[in-house]
file input.txt (compact mmCIF, C-alpha atoms and all ligand atoms)
# COMPACT_ATOMS: atom_id res chain seq x y z
CA ASP Y 191 -7.97 30.04 -33.79
CA VAL Y 192 -6.37 30.20 -30.37
CA ALA Y 193 -9.22 32.09 -28.73
CA THR Y 194 -11.81 29.41 -29.41
CA THR Y 195 -9.58 26.39 -28.91
CA THR Y 196 -10.65 24.29 -25.97
CA VAL Y 197 -8.88 21.26 -24.63
CA LYS Y 198 -10.76 18.30 -25.97
CA PRO Y 199 -10.69 15.06 -24.00
CA THR Y 200 -9.21 12.04 -25.75
CA ARG Y 201 -11.83 9.68 -27.09
CA ILE Y 202 -10.63 6.09 -26.80
CA LEU Y 203 -12.54 3.65 -29.00
CA ALA Y 204 -12.23 -0.08 -29.55
CA VAL Y 205 -13.28 -1.15 -33.04
CA THR Y 206 -14.63 -4.56 -32.22
CA ASN Y 207 -16.88 -7.41 -33.26
CA GLN Y 208 -16.27 -11.05 -32.39
CA LYS Y 209 -17.04 -11.91 -35.99
CA GLY Y 210 -14.20 -11.82 -38.51
CA GLY Y 211 -14.40 -10.20 -41.92
CA VAL Y 212 -16.93 -7.53 -40.99
CA GLY Y 213 -14.68 -4.54 -41.72
CA LYS Y 214 -13.00 -3.85 -38.36
CA THR Y 215 -9.52 -3.37 -39.78
CA THR Y 216 -10.78 -1.47 -42.82
CA THR Y 217 -12.68 0.84 -40.48
CA ALA Y 218 -9.79 1.38 -38.06
CA VAL Y 219 -7.37 2.30 -40.86
CA ASN Y 220 -9.69 4.43 -42.95
CA LEU Y 221 -11.37 6.20 -40.10
CA SER Y 222 -7.96 7.07 -38.66
CA ALA Y 223 -6.91 8.56 -41.99
CA CYS Y 224 -10.14 10.51 -42.41
CA LEU Y 225 -10.12 11.87 -38.86
CA ALA Y 226 -6.51 12.94 -39.46
CA ALA Y 227 -7.58 14.60 -42.73
CA LEU Y 228 -10.05 16.58 -40.60
CA ASP Y 229 -7.17 17.81 -38.41
CA GLN Y 230 -7.73 15.39 -35.57
CA ARG Y 231 -4.77 13.97 -33.69
CA VAL Y 232 -5.15 10.21 -34.02
CA LEU Y 233 -3.39 7.15 -32.64
CA MET Y 234 -4.35 3.80 -34.11
CA ILE Y 235 -3.44 0.69 -32.12
CA ASP Y 236 -3.19 -2.63 -33.93
CA LEU Y 237 -4.24 -5.32 -31.45
CA ASP Y 238 -4.46 -8.13 -34.00
CA PRO Y 239 -1.40 -10.43 -34.38
CA GLN Y 240 -2.24 -10.62 -38.09
CA GLY Y 241 -1.07 -7.04 -38.31
CA ASN Y 242 -3.35 -6.14 -41.19
CA ALA Y 243 -3.96 -2.64 -39.91
CA THR Y 244 -0.18 -2.18 -39.67
CA THR Y 245 0.58 -3.16 -43.27
CA GLY Y 246 -2.54 -1.32 -44.40
CA CYS Y 247 -0.86 1.88 -43.23
CA GLY Y 248 2.36 1.15 -45.11
CA VAL Y 249 4.25 0.07 -42.00
CA PHE Y 250 6.07 -3.20 -42.53
CA LYS Y 251 5.79 -5.92 -39.96
CA ARG Y 252 9.51 -6.29 -39.46
CA GLU Y 253 10.29 -8.53 -36.51
CA ALA Y 254 12.54 -5.89 -34.98
CA LEU Y 255 9.82 -3.30 -34.94
CA PRO Y 256 8.79 -2.26 -31.44
CA THR Y 257 5.14 -3.19 -31.30
CA VAL Y 258 2.19 -3.19 -28.98
CA TYR Y 259 3.54 -6.53 -27.77
CA GLN Y 260 6.49 -4.91 -26.00
CA ILE Y 261 4.13 -2.41 -24.43
CA LEU Y 262 1.81 -5.10 -23.09
CA ILE Y 263 4.62 -7.03 -21.47
CA GLY Y 264 6.14 -3.85 -20.08
CA ARG Y 265 9.31 -3.77 -22.18
CA SER Y 266 8.54 -0.55 -24.01
CA THR Y 267 6.49 2.60 -23.66
CA LEU Y 268 4.00 4.20 -25.97
CA ALA Y 269 6.44 7.01 -26.74
CA GLN Y 270 9.11 4.49 -27.77
CA SER Y 271 6.89 2.30 -29.90
CA ARG Y 272 4.58 4.57 -31.84
CA ILE Y 273 5.33 5.29 -35.46
CA ARG Y 274 4.22 8.23 -37.57
CA THR Y 275 2.51 7.00 -40.73
CA ASP Y 276 2.62 8.94 -44.01
CA PHE Y 277 -1.06 9.72 -43.53
CA GLY Y 278 -1.09 12.16 -40.65
CA PHE Y 279 -1.67 9.78 -37.77
CA ASP Y 280 0.38 7.63 -35.42
CA ILE Y 281 0.24 3.87 -35.13
CA LEU Y 282 1.25 1.31 -32.55
CA PRO Y 283 2.05 -1.58 -34.88
CA ALA Y 284 1.53 -5.30 -34.39
CA ASN Y 285 3.00 -8.45 -35.84
CA ARG Y 286 2.80 -12.17 -35.17
CA GLU Y 287 4.84 -11.75 -32.01
CA LEU Y 288 1.71 -10.34 -30.41
CA ALA Y 289 0.13 -13.78 -30.41
CA GLY Y 290 2.67 -14.74 -27.73
CA ALA Y 291 1.58 -11.90 -25.49
CA GLU Y 292 -1.62 -13.76 -24.70
CA VAL Y 293 0.22 -16.53 -22.90
CA GLU Y 294 2.74 -14.24 -21.22
CA LEU Y 295 0.05 -11.89 -19.98
CA ILE Y 296 -1.75 -14.59 -18.03
CA GLU Y 297 0.98 -14.55 -15.41
CA MET Y 298 1.23 -10.78 -15.20
CA GLU Y 299 -0.10 -8.30 -12.74
CA ARG Y 300 -3.05 -6.21 -13.95
CA ARG Y 301 -3.08 -8.34 -17.06
CA GLU Y 302 -6.36 -6.84 -18.32
CA TYR Y 303 -5.20 -3.28 -17.77
CA ARG Y 304 -1.73 -3.28 -19.36
CA LEU Y 305 -2.85 -1.26 -22.36
CA ARG Y 306 -4.97 1.12 -20.33
CA ASP Y 307 -2.02 1.81 -18.04
CA ALA Y 308 0.29 2.41 -21.01
CA LEU Y 309 -2.18 4.81 -22.61
CA ALA Y 310 -2.56 6.90 -19.48
CA SER Y 311 0.83 8.51 -20.19
CA ALA Y 312 -0.37 9.83 -23.55
CA ALA Y 313 -3.66 11.28 -22.37
CA GLY Y 314 -4.20 14.61 -24.03
CA GLU Y 315 -1.82 14.03 -26.92
CA TYR Y 316 -4.58 12.66 -29.11
CA ASP Y 317 -8.16 13.52 -29.95
CA PHE Y 318 -8.90 9.93 -30.89
CA VAL Y 319 -7.36 6.56 -30.10
CA LEU Y 320 -8.75 3.78 -32.30
CA MET Y 321 -7.97 0.16 -31.47
CA ASP Y 322 -8.31 -2.55 -34.11
CA CYS Y 323 -9.33 -5.66 -32.14
CA PRO Y 324 -8.89 -9.27 -33.24
CA PRO Y 325 -12.01 -11.31 -34.02
CA ALA Y 326 -12.03 -13.17 -30.71
CA LEU Y 327 -12.64 -12.41 -27.09
CA ASN Y 328 -9.07 -13.06 -25.98
CA LEU Y 329 -6.82 -11.21 -23.57
CA LEU Y 330 -5.79 -8.78 -26.33
CA THR Y 331 -9.39 -7.78 -26.99
CA VAL Y 332 -10.01 -7.62 -23.25
CA ASN Y 333 -7.08 -5.18 -22.93
CA GLY Y 334 -8.70 -3.11 -25.68
CA LEU Y 335 -12.10 -3.16 -24.00
CA ALA Y 336 -10.64 -2.29 -20.60
CA ALA Y 337 -8.78 0.68 -22.09
CA ALA Y 338 -11.70 1.97 -24.15
CA GLN Y 339 -14.34 4.50 -23.28
CA ALA Y 340 -16.61 3.06 -25.93
CA VAL Y 341 -16.85 0.49 -28.68
CA MET Y 342 -17.46 1.04 -32.35
CA ILE Y 343 -19.07 -2.00 -33.91
CA PRO Y 344 -18.75 -2.55 -37.65
CA MET Y 345 -21.22 -5.06 -39.01
CA GLN Y 346 -22.49 -6.51 -42.21
CA CYS Y 347 -26.25 -6.49 -42.59
CA GLU Y 348 -26.68 -10.20 -43.17
CA TYR Y 349 -28.75 -12.94 -41.61
CA TYR Y 350 -26.55 -13.81 -38.61
CA ALA Y 351 -25.53 -10.24 -37.85
CA LEU Y 352 -28.17 -9.61 -35.20
CA GLU Y 353 -27.40 -12.88 -33.46
CA GLY Y 354 -23.73 -11.88 -33.32
CA LEU Y 355 -24.75 -8.55 -31.85
CA THR Y 356 -26.63 -10.27 -29.04
CA ASP Y 357 -23.38 -12.06 -28.11
CA LEU Y 358 -21.47 -8.81 -28.28
CA VAL Y 359 -23.97 -6.97 -26.09
CA ALA Y 360 -23.66 -9.79 -23.52
CA THR Y 361 -19.87 -9.50 -23.66
CA LEU Y 362 -20.03 -5.75 -23.10
CA LYS Y 363 -22.25 -6.34 -20.09
CA ARG Y 364 -19.69 -8.71 -18.58
CA VAL Y 365 -16.85 -6.30 -19.28
CA ARG Y 366 -18.80 -3.50 -17.58
CA ALA Y 367 -19.47 -5.67 -14.55
CA ASN Y 368 -15.90 -6.92 -14.18
CA LEU Y 369 -13.42 -4.54 -15.77
CA ASN Y 370 -14.67 -1.25 -17.11
CA PRO Y 371 -17.98 0.12 -15.79
CA ARG Y 372 -17.87 3.19 -18.08
CA LEU Y 373 -17.73 1.24 -21.36
CA GLU Y 374 -20.40 2.49 -23.77
CA ILE Y 375 -21.48 1.70 -27.29
CA GLU Y 376 -20.17 4.56 -29.41
CA GLY Y 377 -21.94 3.43 -32.53
CA LEU Y 378 -22.87 0.67 -34.91
CA LEU Y 379 -21.53 0.96 -38.42
CA ARG Y 380 -23.09 -0.74 -41.41
CA THR Y 381 -20.27 -1.96 -43.66
CA MET Y 382 -20.01 -3.58 -47.10
CA TYR Y 383 -23.52 -2.37 -47.66
CA ASP Y 384 -25.41 -3.51 -50.72
CA PRO Y 385 -28.65 -1.54 -50.97
CA ARG Y 386 -30.03 -3.85 -53.69
CA SER Y 387 -30.37 -6.76 -51.28
CA THR Y 388 -33.77 -7.07 -49.60
CA LEU Y 389 -32.25 -8.98 -46.69
CA THR Y 390 -29.70 -6.20 -46.15
CA GLN Y 391 -32.51 -3.65 -46.02
CA GLN Y 392 -34.45 -5.77 -43.53
CA VAL Y 393 -31.50 -6.33 -41.22
CA SER Y 394 -30.59 -2.67 -41.52
CA SER Y 395 -34.03 -1.48 -40.42
CA GLU Y 396 -34.14 -4.02 -37.57
CA LEU Y 397 -30.82 -2.65 -36.45
CA GLU Y 398 -32.21 0.88 -36.46
CA SER Y 399 -35.27 -0.14 -34.47
CA HIS Y 400 -33.18 -1.95 -31.82
CA PHE Y 401 -30.33 0.51 -31.48
CA GLY Y 402 -31.86 3.80 -32.69
CA GLU Y 403 -29.44 6.72 -32.51
CA LYS Y 404 -26.52 4.38 -31.89
CA VAL Y 405 -26.58 3.40 -35.57
CA TYR Y 406 -24.47 5.81 -37.61
CA ARG Y 407 -26.33 7.56 -40.41
CA SER Y 408 -23.19 7.13 -42.53
CA ILE Y 409 -23.14 3.77 -44.27
CA ILE Y 410 -20.05 2.16 -45.81
CA PRO Y 411 -20.89 0.71 -49.23
CA ARG Y 412 -19.22 -2.30 -50.73
CA ASN Y 413 -16.47 -0.64 -52.73
CA VAL Y 414 -13.61 -2.39 -54.47
CA ARG Y 415 -11.19 0.50 -53.82
CA LEU Y 416 -11.49 -0.22 -50.08
CA ALA Y 417 -10.37 -3.78 -50.70
CA GLU Y 418 -7.54 -2.73 -53.04
CA ALA Y 419 -5.99 0.05 -50.95
CA PRO Y 420 -4.29 -2.21 -48.32
CA SER Y 421 -2.15 -3.92 -50.95
CA TYR Y 422 -0.68 -0.49 -51.70
CA GLY Y 423 -0.13 0.13 -47.98
CA LYS Y 424 -2.47 3.10 -48.04
CA PRO Y 425 -5.76 4.12 -46.53
CA VAL Y 426 -8.29 4.61 -49.31
CA TYR Y 427 -8.37 8.36 -48.68
CA ALA Y 428 -4.73 8.52 -49.81
CA PHE Y 429 -5.21 5.93 -52.55
CA ASP Y 430 -8.35 7.17 -54.28
CA ARG Y 431 -9.85 10.13 -52.50
CA ASN Y 432 -12.89 10.37 -54.77
CA SER Y 433 -13.92 6.73 -54.44
CA ARG Y 434 -17.23 5.99 -52.76
CA GLY Y 435 -15.35 4.16 -50.01
CA ALA Y 436 -13.17 7.16 -49.20
CA GLN Y 437 -16.12 9.52 -49.23
CA ALA Y 438 -18.12 7.20 -46.97
CA TYR Y 439 -15.38 7.03 -44.33
CA LEU Y 440 -14.93 10.79 -44.55
CA ALA Y 441 -18.66 11.24 -43.95
CA LEU Y 442 -18.41 8.90 -40.95
CA ALA Y 443 -15.51 10.92 -39.51
CA GLN Y 444 -17.55 14.10 -39.93
CA GLU Y 445 -20.56 12.49 -38.29
CA MET Y 446 -18.42 11.46 -35.30
CA LEU Y 447 -17.11 15.00 -34.90
CA GLU Y 448 -20.63 16.43 -35.11
CA ARG Y 449 -21.83 13.98 -32.50
CA SER Y 450 -19.01 14.75 -30.11
CA ALA Y 451 -19.49 18.50 -30.58
CA ALA Y 452 -23.18 18.06 -29.77
CA ALA Y 453 -22.37 15.92 -26.73
CA ASN Y 454 -19.84 18.48 -25.45
CA ALA Y 455 -22.34 21.31 -25.92
CA THR Y 456 -24.88 19.38 -23.85
CA THR Y 457 -22.36 18.68 -21.10
CA GLN Y 458 -21.21 22.28 -20.96
CA GLY Y 459 -24.81 23.53 -20.89
CA THR Y 460 -25.67 21.37 -17.90
CA PRO Y 461 -25.18 23.02 -14.51
CA SER Y 462 -22.97 20.85 -12.34
P1 LIG V 501 -12.10 -7.65 -40.13
O1 LIG V 501 -11.00 -6.78 -39.65
O2 LIG V 501 -13.40 -7.42 -39.38
O3 LIG V 501 -11.75 -9.10 -40.17
P2 LIG V 501 -11.55 -6.49 -42.72
O4 LIG V 501 -11.59 -5.01 -42.53
O5 LIG V 501 -10.21 -7.12 -42.78
O6 LIG V 501 -12.46 -7.21 -41.64
O7 LIG V 501 -12.38 -6.80 -44.05
C1 LIG V 501 -12.50 -8.12 -44.55
C2 LIG V 501 -12.27 -8.10 -46.06
O8 LIG V 501 -13.28 -7.33 -46.70
C3 LIG V 501 -10.95 -7.46 -46.47
O9 LIG V 501 -10.46 -8.13 -47.57
C4 LIG V 501 -11.34 -6.03 -46.83
O10 LIG V 501 -10.46 -5.46 -47.79
C5 LIG V 501 -12.72 -6.23 -47.41
N1 LIG V 501 -13.60 -5.07 -47.17
C6 LIG V 501 -13.83 -4.45 -45.99
N2 LIG V 501 -14.74 -3.47 -46.12
C7 LIG V 501 -15.08 -3.45 -47.43
C8 LIG V 501 -15.99 -2.65 -48.22
N3 LIG V 501 -16.72 -1.69 -47.66
N4 LIG V 501 -16.07 -2.91 -49.54
C9 LIG V 501 -15.35 -3.89 -50.10
N5 LIG V 501 -14.49 -4.67 -49.43
C10 LIG V 501 -14.35 -4.46 -48.11
MG MG V 502 -9.17 -7.36 -38.81
call {"tool": "encode", "arguments": {"input": "input.txt", "output": "structure tokens"}}
result
Amino acid sequence: DVATTTVKPTRILAVTNQKGGVGKTTTAVNLSACLAALDQRVLMIDLDPQGNATTGCGVFKREALPTVYQILIGRSTLAQSRIRTDFGFDILPANRELAGAEVELIEMERREYRLRDALASAAGEYDFVLMDCPPALNLLTVNGLAAAQAVMIPMQCEYYALEGLTDLVATLKRVRANLNPRLEIEGLLRTMYDPRSTLTQQVSSELESHFGEKVYRSIIPRNVRLAEAPSYGKPVYAFDRNSRGAQAYLALAQEMLERSAAANATTQGTPS
């Protein structure tokens, strides 16, 4: 509907948590697919040299592939390196080569802002940019955090989760002070959720009392289809649309759109 279409600003999100195995990659891939299924224009950026998000989208990590590595070292542009997946969204792929970028970047100008600078050229082409960060606070993650408007934090509701969050909140504080003052927490996402565990319930309610509205209402259950889909090179929404995992990520995508619509309505209603 042309009459009601407004230009929506790009929302740039880093999917991050210094802990490994909490569902960052699963979230980046499946949320991208679900946002695309809801007609959003999405770019996913794989910032992990393991390239799991890349293969999870059916893009092979061929060495010759132009990747986010070439972009970071200034040898390629976003337009040259992005690839259209079969699932309605674009990806900037990664492979092991990206591990080398860390060392090369140290010597470079604006080394923390290489990704942000590269993304500036694509502003407006996407509704969402989702970055899958590696499980470490290295220069790749720092590039992601400097380019992002906000972070999405997937977490498992287990004993050490809250401790890990304290570290992450401290990291975000440092990033705000040194690199990116506007960086917000977009939301905390409970992943691999097992409602039968008492500990999970306890951690989950502590999370809600500390972070309130920042905790997504949508919860991602432990679901074997989510773990199986990457070996077929597909997001779960394309692999088994009716699975609980697919439905959970779809609900999350809808929740994000509702939140951003509500936020835009508030902004537009405020006299400037
Ligand atoms: P990270 O990127 O944070 O290291 P991954 O997304 O790779 O975490 O997830 C770690 C492992 O757990 C992977 O094998 C993935 O397939 C599996 N996994 C992730 N989320 C779920 C879930 N909700 N249910 C079942 N398995 C999951
Ligand atoms: Mg990962």
call {"tool": "residues_near_ligand", "arguments": {"input": "input.txt", "ligand": "ligand LIG 501 (chain V)", "cutoff": "6 Å", "atoms": "only C-alpha atoms and all ligand atoms", "output": "list in words"}}
result
Gly210, Gly211, Val212, Gly213, Lys214, Thr215, Thr216, Thr381, Met382, Ile410, Pro411, Arg412, Asn413, Val414, Leu416 and Ala417 of chain Y
call {"tool": "residues_near_ligand", "arguments": {"input": "input.txt", "ligand": "ligand MG 502 (chain V)", "cutoff": "12 Å", "atoms": "all atoms listed in the file", "output": "JSON, numbers by chain"}}
result
{"Y": [205, 206, 207, 208, 209, 210, 211, 212, 213, 214, 215, 216, 217, 218, 219, 235, 236, 237, 238, 239, 240, 241, 242, 243, 244, 245, 246, 284, 321, 322, 323, 324, 325, 326, 331, 344, 420]}
call {"tool": "residues_around", "arguments": {"input": "input.txt", "residues": "Y:Ile409", "least_positions_apart": "2", "cutoff": "8 Å", "atoms": "only C-alpha atoms", "output": "list in words"}}
result
Leu379, Arg380, Thr381, Tyr383, Tyr406, Arg407, Pro411, Ala438 and Leu442 of chain Y
call {"tool": "residues_near_point", "arguments": {"input": "input.txt", "point": "(-27.8, -12.4, -36.5)", "cutoff": "12 Å", "atoms": "only C-alpha atoms", "output": "ChimeraX atom specification"}}
result
/Y:209,345-358,389-390,392-394,396-397
call {"tool": "write_last_selection", "arguments": {"input": "input.txt", "atoms": "C-alpha atoms", "output": "mmCIF file, keeping the file's coordinate frame"}}
result
data_model
loop_
_atom_site.group_PDB
_atom_site.id
_atom_site.type_symbol
_atom_site.label_atom_id
_atom_site.label_comp_id
_atom_site.auth_asym_id
_atom_site.auth_seq_id
_atom_site.Cartn_x
_atom_site.Cartn_y
_atom_site.Cartn_z
ATOM 1 C CA LYS Y 209 -17.040 -11.910 -35.990
ATOM 2 C CA MET Y 345 -21.220 -5.060 -39.010
ATOM 3 C CA GLN Y 346 -22.490 -6.510 -42.210
ATOM 4 C CA CYS Y 347 -26.250 -6.490 -42.590
ATOM 5 C CA GLU Y 348 -26.680 -10.200 -43.170
ATOM 6 C CA TYR Y 349 -28.750 -12.940 -41.610
ATOM 7 C CA TYR Y 350 -26.550 -13.810 -38.610
ATOM 8 C CA ALA Y 351 -25.530 -10.240 -37.850
ATOM 9 C CA LEU Y 352 -28.170 -9.610 -35.200
ATOM 10 C CA GLU Y 353 -27.400 -12.880 -33.460
ATOM 11 C CA GLY Y 354 -23.730 -11.880 -33.320
ATOM 12 C CA LEU Y 355 -24.750 -8.550 -31.850
ATOM 13 C CA THR Y 356 -26.630 -10.270 -29.040
ATOM 14 C CA ASP Y 357 -23.380 -12.060 -28.110
ATOM 15 C CA LEU Y 358 -21.470 -8.810 -28.280
ATOM 16 C CA LEU Y 389 -32.250 -8.980 -46.690
ATOM 17 C CA THR Y 390 -29.700 -6.200 -46.150
ATOM 18 C CA GLN Y 392 -34.450 -5.770 -43.530
ATOM 19 C CA VAL Y 393 -31.500 -6.330 -41.220
ATOM 20 C CA SER Y 394 -30.590 -2.670 -41.520
ATOM 21 C CA GLU Y 396 -34.140 -4.020 -37.570
ATOM 22 C CA LEU Y 397 -30.820 -2.650 -36.450
#
call {"tool": "residues_around", "arguments": {"input": "input.txt", "residues": "Y:Arg301", "least_positions_apart": "5", "cutoff": "12 Å", "atoms": "all atoms listed in the file", "output": "list in words"}}
result
Ile261, Leu262, Ile263, Gly264, Ala291, Glu292, Val293, Glu294, Leu295, Ile296, Arg306, Asp307, Ala308, Asn328, Leu329, Leu330, Thr331, Val332, Asn333, Gly334, Ala336, Ala337 and Leu369 of chain Y
call {"tool": "residues_near_point", "arguments": {"input": "input.txt", "point": "(-14.5, 20.4, -26.4)", "cutoff": "12 Å", "atoms": "only C-alpha atoms", "output": "PyMOL selection string"}}
result
chain Y and resi 194-201+317+447-458
call {"tool": "residues_around", "arguments": {"input": "input.txt", "residues": "Y:Tyr439", "least_positions_apart": "3", "cutoff": "7 Å", "atoms": "only C-alpha atoms", "output": "list in words"}}
result
Asn220, Leu221, Cys224, Ile410, Gly435, Ala436, Leu442 and Ala443 of chain Y
call {"tool": "atom_distance", "arguments": {"input": "input.txt", "atom1": "atom CA of Y:Thr257", "atom2": "atom CA of Y:Arg304"}}
result
13.8 Å
call {"tool": "closest_residue", "arguments": {"input": "input.txt", "among": "Y:Ala227, Y:Leu255, Y:Ile375, Y:Leu440", "to": "Y:Phe279", "atoms": "all atoms listed in the file"}}
result
Y:Ala227
call {"tool": "atom_distance", "arguments": {"input": "input.txt", "atom1": "atom CA of Y:Met298", "atom2": "atom CA of Y:Asn285"}}
result
20.8 Å
call {"tool": "atom_distance", "arguments": {"input": "input.txt", "atom1": "atom CA of Y:Met446", "atom2": "atom CA of Y:Gly402"}}
result
15.7 Å
call {"tool": "closest_residue", "arguments": {"input": "input.txt", "among": "Y:Leu305, Y:Ala313, Y:Val426, Y:Ala204", "to": "Y:Glu374", "atoms": "all atoms listed in the file"}}
result
Y:Ala204
call {"tool": "residues_around", "arguments": {"input": "input.txt", "residues": "Y:Gly377", "least_positions_apart": "5", "cutoff": "7 Å", "atoms": "all atoms listed in the file", "output": "ChimeraX atom specification"}}
result
/Y:342-343,404-406
call {"tool": "decode", "arguments": {"input": "input.txt", "residues": "stretch 279-338 of chain Y", "atoms": "C-alpha atoms", "output": "PDB file, in the first residue's frame"}}
result
ATOM      1  CA  PHE Y 279      17.497 -12.348   2.736  1.00  0.00           C
ATOM      2  CA  ASP Y 280      21.052 -11.308   1.926  1.00  0.00           C
ATOM      3  CA  ILE Y 281      24.179 -12.489   3.677  1.00  0.00           C
ATOM      4  CA  LEU Y 282      27.734 -11.275   3.986  1.00  0.00           C
ATOM      5  CA  PRO Y 283      29.474 -14.629   4.371  1.00  0.00           C
ATOM      6  CA  ALA Y 284      32.499 -15.562   6.453  1.00  0.00           C
ATOM      7  CA  ASN Y 285      35.074 -18.300   6.395  1.00  0.00           C
ATOM      8  CA  ARG Y 286      38.303 -19.111   8.198  1.00  0.00           C
ATOM      9  CA  GLU Y 287      40.085 -16.333   6.336  1.00  0.00           C
ATOM     10  CA  LEU Y 288      38.305 -13.925   8.650  1.00  0.00           C
ATOM     11  CA  ALA Y 289      40.466 -15.058  11.543  1.00  0.00           C
ATOM     12  CA  GLY Y 290      43.384 -13.319   9.799  1.00  0.00           C
ATOM     13  CA  ALA Y 291      41.529 -10.021   9.688  1.00  0.00           C
ATOM     14  CA  GLU Y 292      42.063  -9.615  13.413  1.00  0.00           C
ATOM     15  CA  VAL Y 293      45.806  -9.294  13.025  1.00  0.00           C
ATOM     16  CA  GLU Y 294      45.658  -7.197   9.869  1.00  0.00           C
ATOM     17  CA  LEU Y 295      43.141  -4.797  11.357  1.00  0.00           C
ATOM     18  CA  ILE Y 296      45.409  -3.840  14.236  1.00  0.00           C
ATOM     19  CA  GLU Y 297      47.557  -1.786  11.895  1.00  0.00           C
ATOM     20  CA  MET Y 298      44.669  -0.159  10.076  1.00  0.00           C
ATOM     21  CA  GLU Y 299      43.097   3.221  10.347  1.00  0.00           C
ATOM     22  CA  ARG Y 300      39.696   3.317  12.056  1.00  0.00           C
ATOM     23  CA  ARG Y 301      40.156  -0.340  12.827  1.00  0.00           C
ATOM     24  CA  GLU Y 302      37.080  -0.484  15.082  1.00  0.00           C
ATOM     25  CA  TYR Y 303      34.865   1.258  12.543  1.00  0.00           C
ATOM     26  CA  ARG Y 304      35.636  -0.643   9.333  1.00  0.00           C
ATOM     27  CA  LEU Y 305      32.306  -2.450   9.320  1.00  0.00           C
ATOM     28  CA  ARG Y 306      30.328   0.606  10.327  1.00  0.00           C
ATOM     29  CA  ASP Y 307      31.906   2.581   7.488  1.00  0.00           C
ATOM     30  CA  ALA Y 308      31.145  -0.194   4.998  1.00  0.00           C
ATOM     31  CA  LEU Y 309      27.522  -0.394   6.121  1.00  0.00           C
ATOM     32  CA  ALA Y 310      26.946   3.320   5.732  1.00  0.00           C
ATOM     33  CA  SER Y 311      26.727   2.862   1.951  1.00  0.00           C
ATOM     34  CA  ALA Y 312      23.788   0.470   2.291  1.00  0.00           C
ATOM     35  CA  ALA Y 313      21.740   2.538   4.705  1.00  0.00           C
ATOM     36  CA  GLY Y 314      18.120   2.391   3.692  1.00  0.00           C
ATOM     37  CA  GLU Y 315      18.384  -0.782   1.633  1.00  0.00           C
ATOM     38  CA  TYR Y 316      17.481  -2.949   4.595  1.00  0.00           C
ATOM     39  CA  ASP Y 317      14.973  -2.912   7.418  1.00  0.00           C
ATOM     40  CA  PHE Y 318      17.222  -5.071   9.568  1.00  0.00           C
ATOM     41  CA  VAL Y 319      20.923  -5.861   9.652  1.00  0.00           C
ATOM     42  CA  LEU Y 320      21.726  -8.775  11.977  1.00  0.00           C
ATOM     43  CA  MET Y 321      25.338  -9.531  12.861  1.00  0.00           C
ATOM     44  CA  ASP Y 322      26.338 -12.944  14.188  1.00  0.00           C
ATOM     45  CA  CYS Y 323      29.264 -12.231  16.531  1.00  0.00           C
ATOM     46  CA  PRO Y 324      31.949 -14.697  17.615  1.00  0.00           C
ATOM     47  CA  PRO Y 325      32.017 -15.792  21.264  1.00  0.00           C
ATOM     48  CA  ALA Y 326      34.875 -13.501  22.248  1.00  0.00           C
ATOM     49  CA  LEU Y 327      35.480  -9.824  22.663  1.00  0.00           C
ATOM     50  CA  ASN Y 328      37.924  -9.529  19.775  1.00  0.00           C
ATOM     51  CA  LEU Y 329      38.313  -6.905  17.083  1.00  0.00           C
ATOM     52  CA  LEU Y 330      35.625  -8.606  14.976  1.00  0.00           C
ATOM     53  CA  THR Y 331      33.071  -8.349  17.761  1.00  0.00           C
ATOM     54  CA  VAL Y 332      34.212  -4.803  18.454  1.00  0.00           C
ATOM     55  CA  ASN Y 333      33.550  -3.941  14.785  1.00  0.00           C
ATOM     56  CA  GLY Y 334      30.073  -5.427  15.217  1.00  0.00           C
ATOM     57  CA  LEU Y 335      29.410  -3.470  18.404  1.00  0.00           C
ATOM     58  CA  ALA Y 336      30.682  -0.228  16.888  1.00  0.00           C
ATOM     59  CA  ALA Y 337      28.407  -0.668  13.860  1.00  0.00           C
ATOM     60  CA  ALA Y 338      25.320  -1.663  15.843  1.00  0.00           C
TER      61      ALA Y 338
END
